Number of protein chains: 2
Amino acid sequence: MKTLASFLAGRWQTGGGTPTVLVNPATEEPLAQASSAGIDLGEALGFAREAGVALRAMTFAERGAILAAMAKAIHGARDELLALATANGGNTRGDAKFDVDGASGTLAYYAELGAKLGGARLLADGEPIQVGRTARMGGQHVWTTRPGVAVHINAFNFPAWGLAEKAACALLAGMPVLSKPATATALVTHRLMEILEPIVPRGALSLLCGGAGDLIDHLRGPDVLAFTGSSDTARALRAHPRVVAESVRVNIEADSLNAAVLAPDVEPGGETWALFVADVVRDMTQKTGQKCTAIRRVLVPGDRFDDAAAALAEKLGAIVVGDPAREDVRMGPVATAAQLRDVRAGIVRLAAATTSLFGGTGDVEVTGVPAGRGFFVGPVLRGTDAPLSCDAMNAHEIFGPVATLARYDGDPSFATTVVARGGGGLVTSIYGDDRDWVARAVADAAGWNGRLYLGSSKMAAQSPGPGTALPALNHGGPGRAGDGGELGGDRGLHLYMQRCALEGDASVLKSLIG
Amino acid sequence: MKTLASFLAGRWQTGGGTPTVLVNPATEEPLAQASSAGIDLGEALGFAREAGVALRAMTFAERGAILAAMAKAIHGARDELLALATANGGNTRGDAKFDVDGASGTLAYYAELGAKLGGARLLADGEPIQVGRTARMGGQHVWTTRPGVAVHINAFNFPAWGLAEKAACALLAGMPVLSKPATATALVTHRLMEILEPIVPRGALSLLCGGAGDLIDHLRGPDVLAFTGSSDTARALRAHPRVVAESVRVNIEADSLNAAVLAPDVEPGGETWALFVADVVRDMTQKTGQKCTAIRRVLVPGDRFDDAAAALAEKLGAIVVGDPAREDVRMGPVATAAQLRDVRAGIVRLAAATTSLFGGTGDVEVTGVPAGRGFFVGPVLRGTDAPLSCDAMNAHEIFGPVATLARYDGDPSFATTVVARGGGGLVTSIYGDDRDWVARAVADAAGWNGRLYLGSSKMAAQSPGPGTALPALNHGGPGRAGDGGELGGDRGLHLYMQRCALEGDASVLKSLIG
């Protein structure tokens, strides 16, 4: 069986001990194994940190050129990567493209930003200001690269994009990256590293396949730790004694009970209605509902409830579930046996508090796979008339093809109160063409979300849907979602930079930022 | 004896249990007592949170007008507050002005910013962007108020400015504030609250006098916790289970081994030299060295060491230490008996690794106070030839009138390597008129600091010195300093706001930000 080595301290290294076995989640066939036991992670971090000297000496344009080469190399290996994502991730070809093209696209976006930032090494943060009696005594804020290493711990659902979206921001900002994918789906990430190794400067990108071991124990103040995954792991990382003692900067993307809110003006049959239905179904089924941005809670005015339930059920009924390698299959399995257990348990808890609208508790007929094999669960739509008190809907993320349709009274304040019961999220989508209504909902919902997607008839034809984290827009959310922020154009660089106020003679400040 | 009540849940409340006694640190005479035992802090936070609804409904201009009224009220009570600061804080009149005028000045600065931001409630964060095929599908980042309460835990050294600088940002951003001063010097803060109570909207400003009790246990995701003080307390707050579980946003200003670096081009006797000497002496003695921004490490080229030691010793020798209420006294006591113990112990540790240049280990003749009374320690200047290996200098903040003069070789890389040994700081000052040298030092030092103060002959006449945290400039630093950021003009509001990406029809987005 193939063993996935780690690329650390500038060389491929294989750990000892009992390895974790990676399987095909549709067939449960073993594909590869990985272990990091015994690898010197302190050395790996030290080596990466040292590589920061050369990265910081480069301009944004030079670092951007590296990202461009990375994007090109990934795109060049596209078919191979898509096949690996299907085999190891349970992805349909569409799911795999979402991940792999997302990776190259995000790298290409930041490559362009690098070209735009050009020959600079410091970024001006705002305009020069006067801080003394005369204009001679000035202030100028700048962003400068943090002199550490960026450690990225990613989730199983995006083995390509997860590495790329974080690495794009860190590398462009000038920080070397050590990336740790979730072991279960690391086949794609491992291949990515093989492809990228000849392209990136020595030490600028490292990959840890297998457990994190004592990685966090070796972090230092200027390092950055960015994590995407469950709230439980997020808590452990945030409270890790080393992280706390050194004030290591931490960015978290964790659980999110993303809501979709239908405004009362939206009539069944119109463009906005169709967008709403398509977005909900896409988010429920794309990557088998395993997107941190996927819609989990769907709020519709009471008099639209039956129409919405019927429209969603109709579309969900057309989803063929099975072996994602088949062209006729629209939804594959979840990624691991543990995920399947969690999703099944979540559905049971949710079912106790809701009614069934589609899919019951997730039993499903599977196409192209022998009965009893694979980590399959069908799309499930549940219903509730009591969204405010439905804790099973508001407080427990089910990371699979499951959503709850909830009746509300059409009042934007009520809807946003339900949104807030999620405790802070990555994205809420609001569908409506009544601008005043939308404005009221936005005012109340914005503080609880990292992104608000405003679905309307005007943009329906070219919308990427709420579930797509675009490189140009902030990705992260307050509270339960971890209070982090990634991407968002140049904002995404700031996580890896130190804001520094320069204070002194105005002409000196001017010469420093060029 | 006067008992300091807390202003919580809209009413003055006095706790039970054994109170903490506040004393005059020059005479050890008891002045007041405070306790918070038994006060319902969950109710207090809930009441403040509820007040956020009205604050969020106000415009920036309206909230700015409140700050203007606060600034005016504080300035109107200036003499009374200065006298309290001298009695309870050991402040000379100059020290007290630095605190009290800093409070009113910072509020006035943010009042002006509020007026400038005008009738808005959402702040645009950057320009509109295109995220779809055509300009119709757009994105717009905004900053919106977090729907929680801002909890401020302040240090003993700035009882007026500490409350005001944090409250100015939070209130202008639209968040209600619950402020907890250090009990030992809370007399000024308590009087401030009495003065401000009739001016601020109900629930917008609360004050907790006495221990923090179970305050943190009641925090929620949208709340913000901002702390200034020791690294030990900072660690406990950051790792508090409630903070971690709810992703409460935390901002820390902690220990900082601020450095001053003299460039080799600076000749004794010139303007830049004089600025350097005056800044070091001011930072060592102002507020008896109890400023988080004070210079602790002074790096000079080897051939300037003797001149620098002599110039500093001469100025330090002229500092009269004693009862700060006397006009002839230039430096008062440290604030508490515990501080005195810590400073004395720090000097002993530092003395074991350095030579004496002035003041020995801090014994001093005290003016106007009976022998043996008060928490006095004299200015102490130590010296070292081995700055890189002098851990006692680089890794242990002594929060009193103590600095170490260190010899270096004149190379900017060496100097900034020593700066970095501090593990991240609030401010480093660099004195020099050779722009290339300064540029090289800035490039290496900026990532380790929240602010770089560039002293030169051009700005010497109007410099506020590196120890002054101006409202227009970032205050905070990476690593040991806590990786926080406050003030910095509009940047200071962002701690209390949620960044949210709005995505949708471009004309809808435009109408939302007005």
# chains A, B, ... in the order shown; residues from 1 in each chain; ligands from 1
call {"tool": "residues_around", "arguments": {"residues": "range 304-320 of chain A", "least_positions_apart": "2", "cutoff": "8 Å", "atoms": "only C-alpha atoms", "output": "JSON, numbers by chain"}}
result
{"A": [268, 277, 280, 281, 300, 301, 302, 322, 328, 329, 330, 331, 357, 358, 366, 367, 379, 381, 405, 406, 407]}
call {"tool": "write_last_selection", "arguments": {"atoms": "all heavy atoms", "output": "compact mmCIF listing (two decimals), in the first residue's frame"}}
result
# COMPACT_ATOMS: atom_id res chain seq x y z
N PRO A 268 -43.46 32.09 -5.21
CA PRO A 268 -43.06 30.85 -5.89
C PRO A 268 -43.11 31.05 -7.40
O PRO A 268 -44.01 31.72 -7.92
CB PRO A 268 -44.12 29.84 -5.44
CG PRO A 268 -44.62 30.35 -4.13
CD PRO A 268 -44.56 31.85 -4.25
N VAL A 277 -34.31 28.06 -4.14
CA VAL A 277 -34.45 26.60 -4.16
C VAL A 277 -33.16 25.94 -4.65
O VAL A 277 -32.65 24.97 -4.05
CB VAL A 277 -35.66 26.16 -5.03
CG1 VAL A 277 -35.69 24.64 -5.21
CG2 VAL A 277 -36.97 26.66 -4.41
N VAL A 280 -30.35 26.18 -1.96
CA VAL A 280 -30.53 25.26 -0.81
C VAL A 280 -30.18 23.84 -1.22
O VAL A 280 -29.44 23.14 -0.51
CB VAL A 280 -31.97 25.34 -0.26
CG1 VAL A 280 -32.19 24.26 0.79
CG2 VAL A 280 -32.24 26.72 0.34
N VAL A 281 -30.67 23.43 -2.38
CA VAL A 281 -30.41 22.05 -2.81
C VAL A 281 -28.92 21.85 -3.10
O VAL A 281 -28.33 20.83 -2.74
CB VAL A 281 -31.27 21.69 -4.05
CG1 VAL A 281 -30.85 20.34 -4.63
CG2 VAL A 281 -32.74 21.67 -3.66
N VAL A 300 -38.59 30.24 6.09
CA VAL A 300 -39.55 30.72 5.09
C VAL A 300 -40.80 31.22 5.80
O VAL A 300 -41.20 30.67 6.82
CB VAL A 300 -39.92 29.62 4.06
CG1 VAL A 300 -38.71 29.23 3.23
CG2 VAL A 300 -40.51 28.40 4.74
N PRO A 301 -41.43 32.27 5.25
CA PRO A 301 -42.70 32.73 5.82
C PRO A 301 -43.71 31.59 5.83
O PRO A 301 -43.70 30.73 4.93
CB PRO A 301 -43.12 33.86 4.87
CG PRO A 301 -41.86 34.32 4.21
CD PRO A 301 -41.02 33.08 4.10
N GLY A 302 -44.57 31.58 6.85
CA GLY A 302 -45.50 30.46 7.04
C GLY A 302 -46.27 30.09 5.78
O GLY A 302 -46.43 28.90 5.46
N GLY A 322 -24.64 7.62 -4.85
CA GLY A 322 -23.91 6.38 -5.10
C GLY A 322 -22.43 6.60 -5.33
O GLY A 322 -21.86 7.59 -4.84
N ASP A 328 -23.63 9.27 -13.69
CA ASP A 328 -25.04 9.51 -13.35
C ASP A 328 -25.26 9.81 -11.87
O ASP A 328 -26.37 10.14 -11.46
CB ASP A 328 -25.89 8.30 -13.77
CG ASP A 328 -25.43 7.01 -13.09
OD1 ASP A 328 -24.24 6.96 -12.65
OD2 ASP A 328 -26.23 6.06 -12.98
N VAL A 329 -24.22 9.70 -11.08
CA VAL A 329 -24.35 9.95 -9.63
C VAL A 329 -24.16 11.43 -9.34
O VAL A 329 -23.22 12.05 -9.82
CB VAL A 329 -23.35 9.07 -8.85
CG1 VAL A 329 -23.19 9.58 -7.42
CG2 VAL A 329 -23.83 7.62 -8.83
N ARG A 330 -25.09 11.98 -8.54
CA ARG A 330 -25.02 13.41 -8.21
C ARG A 330 -24.48 13.65 -6.81
O ARG A 330 -24.12 14.76 -6.45
CB ARG A 330 -26.43 14.03 -8.33
CG ARG A 330 -26.89 14.28 -9.76
CD ARG A 330 -26.30 15.59 -10.32
NE ARG A 330 -26.60 16.71 -9.43
CZ ARG A 330 -27.80 17.32 -9.37
NH1 ARG A 330 -28.77 16.97 -10.16
NH2 ARG A 330 -27.98 18.32 -8.53
N MET A 331 -24.48 12.60 -5.97
CA MET A 331 -23.99 12.80 -4.59
C MET A 331 -23.30 11.53 -4.12
O MET A 331 -23.86 10.43 -4.23
CB MET A 331 -25.15 13.17 -3.66
CG MET A 331 -24.69 13.62 -2.27
SD MET A 331 -26.04 14.26 -1.23
CE MET A 331 -26.36 12.82 -0.22
N LEU A 357 -39.66 16.03 6.16
CA LEU A 357 -40.16 16.59 4.90
C LEU A 357 -39.61 15.86 3.69
O LEU A 357 -40.23 15.79 2.65
CB LEU A 357 -39.80 18.09 4.82
CG LEU A 357 -40.46 18.97 5.88
CD1 LEU A 357 -39.93 20.40 5.78
CD2 LEU A 357 -41.99 18.96 5.75
N PHE A 358 -38.38 15.38 3.82
CA PHE A 358 -37.80 14.56 2.75
C PHE A 358 -36.69 13.70 3.33
O PHE A 358 -35.89 14.15 4.14
CB PHE A 358 -37.22 15.41 1.61
CG PHE A 358 -36.65 14.59 0.49
CD1 PHE A 358 -37.46 14.12 -0.54
CD2 PHE A 358 -35.30 14.20 0.50
CE1 PHE A 358 -36.95 13.32 -1.55
CE2 PHE A 358 -34.78 13.40 -0.50
CZ PHE A 358 -35.61 12.95 -1.53
N VAL A 366 -28.53 3.22 -2.90
CA VAL A 366 -27.22 3.62 -3.39
C VAL A 366 -26.94 2.97 -4.75
O VAL A 366 -27.17 1.77 -4.92
CB VAL A 366 -26.14 3.22 -2.36
CG1 VAL A 366 -24.75 3.51 -2.89
CG2 VAL A 366 -26.37 3.95 -1.04
N THR A 367 -26.47 3.78 -5.68
CA THR A 367 -26.23 3.32 -7.05
C THR A 367 -24.77 2.94 -7.25
O THR A 367 -23.88 3.73 -6.93
CB THR A 367 -26.61 4.43 -8.05
OG1 THR A 367 -28.00 4.72 -7.89
CG2 THR A 367 -26.33 4.00 -9.49
N PRO A 379 -29.95 12.67 1.25
CA PRO A 379 -30.35 14.02 1.65
C PRO A 379 -31.59 13.97 2.56
O PRO A 379 -32.51 13.20 2.31
CB PRO A 379 -30.67 14.72 0.33
CG PRO A 379 -30.57 13.72 -0.75
CD PRO A 379 -30.06 12.43 -0.19
N LEU A 381 -34.38 16.48 4.61
CA LEU A 381 -34.97 17.78 4.93
C LEU A 381 -35.97 17.60 6.06
O LEU A 381 -36.92 16.82 5.94
CB LEU A 381 -35.66 18.38 3.70
CG LEU A 381 -36.20 19.80 3.90
CD1 LEU A 381 -35.08 20.82 4.06
CD2 LEU A 381 -37.11 20.19 2.74
N LEU A 405 -36.17 23.03 7.42
CA LEU A 405 -37.03 24.11 6.92
C LEU A 405 -37.87 24.61 8.09
O LEU A 405 -38.55 23.82 8.76
CB LEU A 405 -37.93 23.57 5.80
CG LEU A 405 -38.76 24.58 5.01
CD1 LEU A 405 -37.88 25.49 4.17
CD2 LEU A 405 -39.77 23.85 4.11
N ALA A 406 -37.80 25.93 8.34
CA ALA A 406 -38.48 26.48 9.52
C ALA A 406 -39.45 27.56 9.11
O ALA A 406 -39.15 28.38 8.24
CB ALA A 406 -37.45 27.03 10.50
N ARG A 407 -40.58 27.57 9.73
CA ARG A 407 -41.64 28.55 9.47
C ARG A 407 -41.38 29.78 10.34
O ARG A 407 -41.09 29.64 11.53
CB ARG A 407 -42.95 27.89 9.87
CG ARG A 407 -44.21 28.49 9.38
CD ARG A 407 -45.40 27.77 10.04
NE ARG A 407 -45.55 26.37 9.61
CZ ARG A 407 -46.32 25.98 8.57
NH1 ARG A 407 -46.98 26.87 7.87
NH2 ARG A 407 -46.42 24.71 8.26
call {"tool": "interface_residues", "arguments": {"of": "chain A", "to": "chain B", "cutoff": "6 Å", "atoms": "only C-alpha atoms", "output": "PDB file with C-alpha atoms, in the first residue's frame"}}
result
ATOM      1  CA  MET A 137       5.733  65.234  12.896  1.00  0.00           C
ATOM      2  CA  THR A 144       4.888  44.080   7.660  1.00  0.00           C
ATOM      3  CA  ARG A 146       5.528  38.458  10.790  1.00  0.00           C
ATOM      4  CA  GLY A 221       5.102  34.340  19.339  1.00  0.00           C
ATOM      5  CA  ARG A 235     -10.931  25.004  21.693  1.00  0.00           C
ATOM      6  CA  ALA A 239      -6.248  27.107  24.985  1.00  0.00           C
ATOM      7  CA  VAL A 244      -1.427  31.056  25.325  1.00  0.00           C
ATOM      8  CA  GLU A 246       3.525  32.908  23.550  1.00  0.00           C
ATOM      9  CA  SER A 247       0.483  34.847  22.289  1.00  0.00           C
ATOM     10  CA  GLY A 447     -23.036  41.504  13.397  1.00  0.00           C
ATOM     11  CA  GLY A 450     -18.832  37.014   8.372  1.00  0.00           C
ATOM     12  CA  ARG A 451     -20.733  37.241   5.108  1.00  0.00           C
ATOM     13  CA  LEU A 452     -24.273  38.067   4.007  1.00  0.00           C
ATOM     14  CA  TYR A 453     -25.338  36.788   0.618  1.00  0.00           C
ATOM     15  CA  LEU A 454     -28.231  38.809  -0.763  1.00  0.00           C
ATOM     16  CA  MET A 459     -28.083  38.783  -9.668  1.00  0.00           C
ATOM     17  CA  LEU A 473     -14.650  38.155   0.110  1.00  0.00           C
ATOM     18  CA  ASN A 474     -14.124  37.603   3.825  1.00  0.00           C
ATOM     19  CA  GLY A 479     -18.802  33.289  17.972  1.00  0.00           C
ATOM     20  CA  GLY A 482     -14.515  30.848  15.690  1.00  0.00           C
ATOM     21  CA  GLN A 498       2.041  42.818  11.902  1.00  0.00           C
ATOM     22  CA  CYS A 500       3.049  48.716  12.969  1.00  0.00           C
ATOM     23  CA  ALA A 501       2.646  52.456  13.462  1.00  0.00           C
ATOM     24  CA  LEU A 502       5.665  54.409  12.263  1.00  0.00           C
ATOM     25  CA  GLU A 503       6.057  57.742  14.032  1.00  0.00           C
ATOM     26  CA  GLY A 504       8.555  60.420  13.147  1.00  0.00           C
ATOM     27  CA  ASP A 505       9.662  62.980  10.606  1.00  0.00           C
TER      28      ASP A 505
END
call {"tool": "closest_residue", "arguments": {"among": "A:Gly432, A:Gly76, A:Gly400, A:Pro370", "to": "Trp273 in chain A", "atoms": "only C-alpha atoms"}}
result
A:Gly432
call {"tool": "select_by_dssp", "arguments": {"residues": "range 253-412 of chain A", "states": "alpha helix (DSSP H)", "output": "number ranges by chain"}}
result
A: 271-285, 305-317, 337-351, 391-394, 412
call {"tool": "residues_around", "arguments": {"residues": "Pro198 in chain A", "least_positions_apart": "6", "cutoff": "12 Å", "atoms": "only C-alpha atoms", "output": "PDB file with all heavy atoms, in the first residue's frame"}}
result
ATOM      1  N   PHE A   7       6.587  16.177   3.804  1.00  0.00           N
ATOM      2  CA  PHE A   7       7.698  16.970   3.284  1.00  0.00           C
ATOM      3  C   PHE A   7       8.021  18.030   4.325  1.00  0.00           C
ATOM      4  O   PHE A   7       7.355  19.062   4.439  1.00  0.00           O
ATOM      5  CB  PHE A   7       7.324  17.604   1.946  1.00  0.00           C
ATOM      6  CG  PHE A   7       8.497  18.284   1.288  1.00  0.00           C
ATOM      7  CD1 PHE A   7       9.551  17.533   0.757  1.00  0.00           C
ATOM      8  CD2 PHE A   7       8.576  19.671   1.216  1.00  0.00           C
ATOM      9  CE1 PHE A   7      10.643  18.152   0.163  1.00  0.00           C
ATOM     10  CE2 PHE A   7       9.664  20.297   0.623  1.00  0.00           C
ATOM     11  CZ  PHE A   7      10.698  19.542   0.101  1.00  0.00           C
ATOM     12  N   GLY A  10      12.693  20.292   4.421  1.00  0.00           N
ATOM     13  CA  GLY A  10      13.291  20.217   3.095  1.00  0.00           C
ATOM     14  C   GLY A  10      13.479  18.824   2.529  1.00  0.00           C
ATOM     15  O   GLY A  10      14.126  18.651   1.497  1.00  0.00           O
ATOM     16  N   ARG A  11      12.893  17.814   3.201  1.00  0.00           N
ATOM     17  CA  ARG A  11      13.042  16.457   2.666  1.00  0.00           C
ATOM     18  C   ARG A  11      11.777  15.644   2.969  1.00  0.00           C
ATOM     19  O   ARG A  11      11.031  15.942   3.900  1.00  0.00           O
ATOM     20  CB  ARG A  11      14.273  15.782   3.272  1.00  0.00           C
ATOM     21  CG  ARG A  11      14.249  15.665   4.780  1.00  0.00           C
ATOM     22  CD  ARG A  11      15.605  15.186   5.343  1.00  0.00           C
ATOM     23  NE  ARG A  11      15.469  14.842   6.760  1.00  0.00           N
ATOM     24  CZ  ARG A  11      15.572  15.717   7.759  1.00  0.00           C
ATOM     25  NH1 ARG A  11      15.814  16.992   7.521  1.00  0.00           N
ATOM     26  NH2 ARG A  11      15.416  15.323   9.017  1.00  0.00           N
ATOM     27  N   ILE A  66       5.413  33.236  -7.616  1.00  0.00           N
ATOM     28  CA  ILE A  66       5.432  31.846  -7.112  1.00  0.00           C
ATOM     29  C   ILE A  66       4.011  31.283  -7.070  1.00  0.00           C
ATOM     30  O   ILE A  66       3.759  30.152  -7.488  1.00  0.00           O
ATOM     31  CB  ILE A  66       6.057  31.796  -5.697  1.00  0.00           C
ATOM     32  CG1 ILE A  66       7.500  32.302  -5.739  1.00  0.00           C
ATOM     33  CG2 ILE A  66       5.985  30.380  -5.124  1.00  0.00           C
ATOM     34  CD1 ILE A  66       8.096  32.534  -4.360  1.00  0.00           C
ATOM     35  N   ALA A  69       2.839  30.307 -10.473  1.00  0.00           N
ATOM     36  CA  ALA A  69       3.405  29.017 -10.908  1.00  0.00           C
ATOM     37  C   ALA A  69       2.703  27.852 -10.208  1.00  0.00           C
ATOM     38  O   ALA A  69       2.465  26.791 -10.817  1.00  0.00           O
ATOM     39  CB  ALA A  69       4.902  28.997 -10.603  1.00  0.00           C
ATOM     40  N   MET A  70       2.366  28.042  -8.941  1.00  0.00           N
ATOM     41  CA  MET A  70       1.645  26.996  -8.206  1.00  0.00           C
ATOM     42  C   MET A  70       0.274  26.746  -8.833  1.00  0.00           C
ATOM     43  O   MET A  70      -0.151  25.596  -9.021  1.00  0.00           O
ATOM     44  CB  MET A  70       1.489  27.406  -6.733  1.00  0.00           C
ATOM     45  CG  MET A  70       2.789  27.418  -5.937  1.00  0.00           C
ATOM     46  SD  MET A  70       2.627  28.251  -4.299  1.00  0.00           S
ATOM     47  CE  MET A  70       1.637  27.039  -3.392  1.00  0.00           C
ATOM     48  N   ALA A  73       0.660  24.865 -12.077  1.00  0.00           N
ATOM     49  CA  ALA A  73       1.028  23.459 -11.885  1.00  0.00           C
ATOM     50  C   ALA A  73      -0.178  22.628 -11.432  1.00  0.00           C
ATOM     51  O   ALA A  73      -0.366  21.490 -11.877  1.00  0.00           O
ATOM     52  CB  ALA A  73       2.151  23.368 -10.854  1.00  0.00           C
ATOM     53  N   LEU A 192      -0.477  17.135  -4.277  1.00  0.00           N
ATOM     54  CA  LEU A 192      -0.237  18.575  -4.476  1.00  0.00           C
ATOM     55  C   LEU A 192       1.176  18.945  -4.064  1.00  0.00           C
ATOM     56  O   LEU A 192       1.870  19.686  -4.760  1.00  0.00           O
ATOM     57  CB  LEU A 192      -1.200  19.402  -3.611  1.00  0.00           C
ATOM     58  CG  LEU A 192      -2.519  19.871  -4.161  1.00  0.00           C
ATOM     59  CD1 LEU A 192      -3.122  20.883  -3.188  1.00  0.00           C
ATOM     60  CD2 LEU A 192      -2.368  20.501  -5.527  1.00  0.00           C
ATOM     61  N   ALA A 204       9.714  27.079   1.944  1.00  0.00           N
ATOM     62  CA  ALA A 204       8.537  27.950   1.949  1.00  0.00           C
ATOM     63  C   ALA A 204       7.236  27.171   2.144  1.00  0.00           C
ATOM     64  O   ALA A 204       6.256  27.713   2.658  1.00  0.00           O
ATOM     65  CB  ALA A 204       8.468  28.756   0.656  1.00  0.00           C
ATOM     66  N   LEU A 205       7.235  25.894   1.735  1.00  0.00           N
ATOM     67  CA  LEU A 205       6.018  25.091   1.905  1.00  0.00           C
ATOM     68  C   LEU A 205       6.402  23.709   2.424  1.00  0.00           C
ATOM     69  O   LEU A 205       7.215  23.009   1.816  1.00  0.00           O
ATOM     70  CB  LEU A 205       5.268  24.960   0.565  1.00  0.00           C
ATOM     71  CG  LEU A 205       3.930  24.229   0.603  1.00  0.00           C
ATOM     72  CD1 LEU A 205       2.912  24.962   1.496  1.00  0.00           C
ATOM     73  CD2 LEU A 205       3.342  24.082  -0.804  1.00  0.00           C
TER      74      LEU A 205
END
call {"tool": "closest_residue", "arguments": {"among": "A:Leu187, A:Ala371, A:Ala34, A:Leu262", "to": "Leu84 in chain A", "atoms": "only C-alpha atoms"}}
result
A:Leu187
call {"tool": "atom_distance", "arguments": {"atom1": "CA of Thr185 in chain B", "atom2": "CA of Asn157 in chain B"}}
result
7.6 Å
call {"tool": "residues_around", "arguments": {"residues": "Asn154 in chain B", "least_positions_apart": "4", "cutoff": "10 Å", "atoms": "only C-alpha atoms", "output": "list of chain:residue names"}}
result
B:Phe158, B:Pro159, B:Ala160, B:Trp161, B:Gly162, B:Leu163, B:Lys166, B:Ser179, B:Lys180, B:Pro181, B:Ala182, B:Thr183, B:Ala226, B:Phe227, B:Thr228, B:Gly229, B:Glu253
call {"tool": "residues_around", "arguments": {"residues": "Thr20 in chain B", "least_positions_apart": "4", "cutoff": "12 Å", "atoms": "only C-alpha atoms", "output": "list in words"}}
result
Met1, Lys2, Thr3, Leu4, Gly15, Gly16, Pro30, Leu31, Ala32, Gln33, Ala34, Ser35, Ser36, Ala37, Ala182, Thr183, Ala184, Thr185, Ala186, Cys209, Gly210 and Gly211 of chain B
call {"tool": "select_by_dssp", "arguments": {"residues": "range 308-362 of chain B", "states": "strand (DSSP E)", "output": "list in words"}}
result
Thr355, Ser356, Leu357 and Phe358 of chain B
call {"tool": "write_last_selection", "arguments": {"atoms": "N, CA, C and O atoms", "output": "PDB file, in the first residue's frame"}}
result
ATOM      1  N   THR B 355      26.157  45.662  35.378  1.00  0.00           N
ATOM      2  CA  THR B 355      26.922  46.554  36.253  1.00  0.00           C
ATOM      3  C   THR B 355      26.068  47.771  36.610  1.00  0.00           C
ATOM      4  O   THR B 355      25.092  48.083  35.917  1.00  0.00           O
ATOM      5  N   SER B 356      26.465  48.451  37.674  1.00  0.00           N
ATOM      6  CA  SER B 356      25.716  49.619  38.100  1.00  0.00           C
ATOM      7  C   SER B 356      26.235  50.871  37.384  1.00  0.00           C
ATOM      8  O   SER B 356      27.430  51.142  37.363  1.00  0.00           O
ATOM      9  N   LEU B 357      25.296  51.617  36.780  1.00  0.00           N
ATOM     10  CA  LEU B 357      25.686  52.888  36.157  1.00  0.00           C
ATOM     11  C   LEU B 357      25.100  54.073  36.899  1.00  0.00           C
ATOM     12  O   LEU B 357      25.652  55.156  36.905  1.00  0.00           O
ATOM     13  N   PHE B 358      23.936  53.867  37.503  1.00  0.00           N
ATOM     14  CA  PHE B 358      23.337  54.911  38.344  1.00  0.00           C
ATOM     15  C   PHE B 358      22.320  54.264  39.276  1.00  0.00           C
ATOM     16  O   PHE B 358      21.548  53.403  38.872  1.00  0.00           O
TER      17      PHE B 358
END
call {"tool": "atom_distance", "arguments": {"atom1": "CA of Ala155 in chain A", "atom2": "CA of Leu113 in chain A"}}
result
25.8 Å
call {"tool": "residues_around", "arguments": {"residues": "Val151 in chain A", "least_positions_apart": "6", "cutoff": "6 Å", "atoms": "only C-alpha atoms", "output": "NGL selection string"}}
result
:A and (177-179 or 225)
call {"tool": "write_last_selection", "arguments": {"atoms": "all heavy atoms", "output": "CSV table (one decimal), in the first residue's frame"}}
result
chain,number,residue,atom,x,y,z
A,177,VAL,N,5.0,28.3,5.1
A,177,VAL,CA,3.8,27.6,5.5
A,177,VAL,C,4.2,26.2,5.8
A,177,VAL,O,4.9,25.5,5.1
A,177,VAL,CB,2.8,27.6,4.4
A,177,VAL,CG1,1.7,26.7,4.6
A,177,VAL,CG2,2.3,29.0,4.1
A,178,LEU,N,3.6,25.7,7.0
A,178,LEU,CA,3.6,24.3,7.2
A,178,LEU,C,2.2,23.9,7.3
A,178,LEU,O,1.4,24.3,8.1
A,178,LEU,CB,4.3,23.9,8.5
A,178,LEU,CG,4.6,22.4,8.8
A,178,LEU,CD1,5.8,22.2,9.7
A,178,LEU,CD2,3.3,21.7,9.4
A,179,SER,N,1.7,23.0,6.3
A,179,SER,CA,0.3,22.7,6.2
A,179,SER,C,0.1,21.2,6.6
A,179,SER,O,0.8,20.3,6.3
A,179,SER,CB,-0.1,22.8,4.7
A,179,SER,OG,-1.4,22.8,4.6
A,225,LEU,N,-1.2,30.4,13.7
A,225,LEU,CA,-1.8,29.1,13.7
A,225,LEU,C,-3.2,29.3,13.1
A,225,LEU,O,-4.0,30.0,13.7
A,225,LEU,CB,-1.9,28.5,15.1
A,225,LEU,CG,-2.7,27.2,15.2
A,225,LEU,CD1,-2.1,26.1,14.4
A,225,LEU,CD2,-2.7,26.8,16.7
call {"tool": "residues_around", "arguments": {"residues": "Ala87 in chain A", "least_positions_apart": "6", "cutoff": "9 Å", "atoms": "only C-alpha atoms", "output": "number ranges by chain"}}
result
A: 23-26, 31, 324-325
call {"tool": "atom_distance", "arguments": {"atom1": "CA of Tyr496 in chain B", "atom2": "CA of Pro128 in chain B"}}
result
22.7 Å
call {"tool": "closest_residue", "arguments": {"among": "A:Ala259, A:Val380, A:Ala150, A:Ala68", "to": "Pro401 in chain A", "atoms": "only C-alpha atoms"}}
result
A:Val380
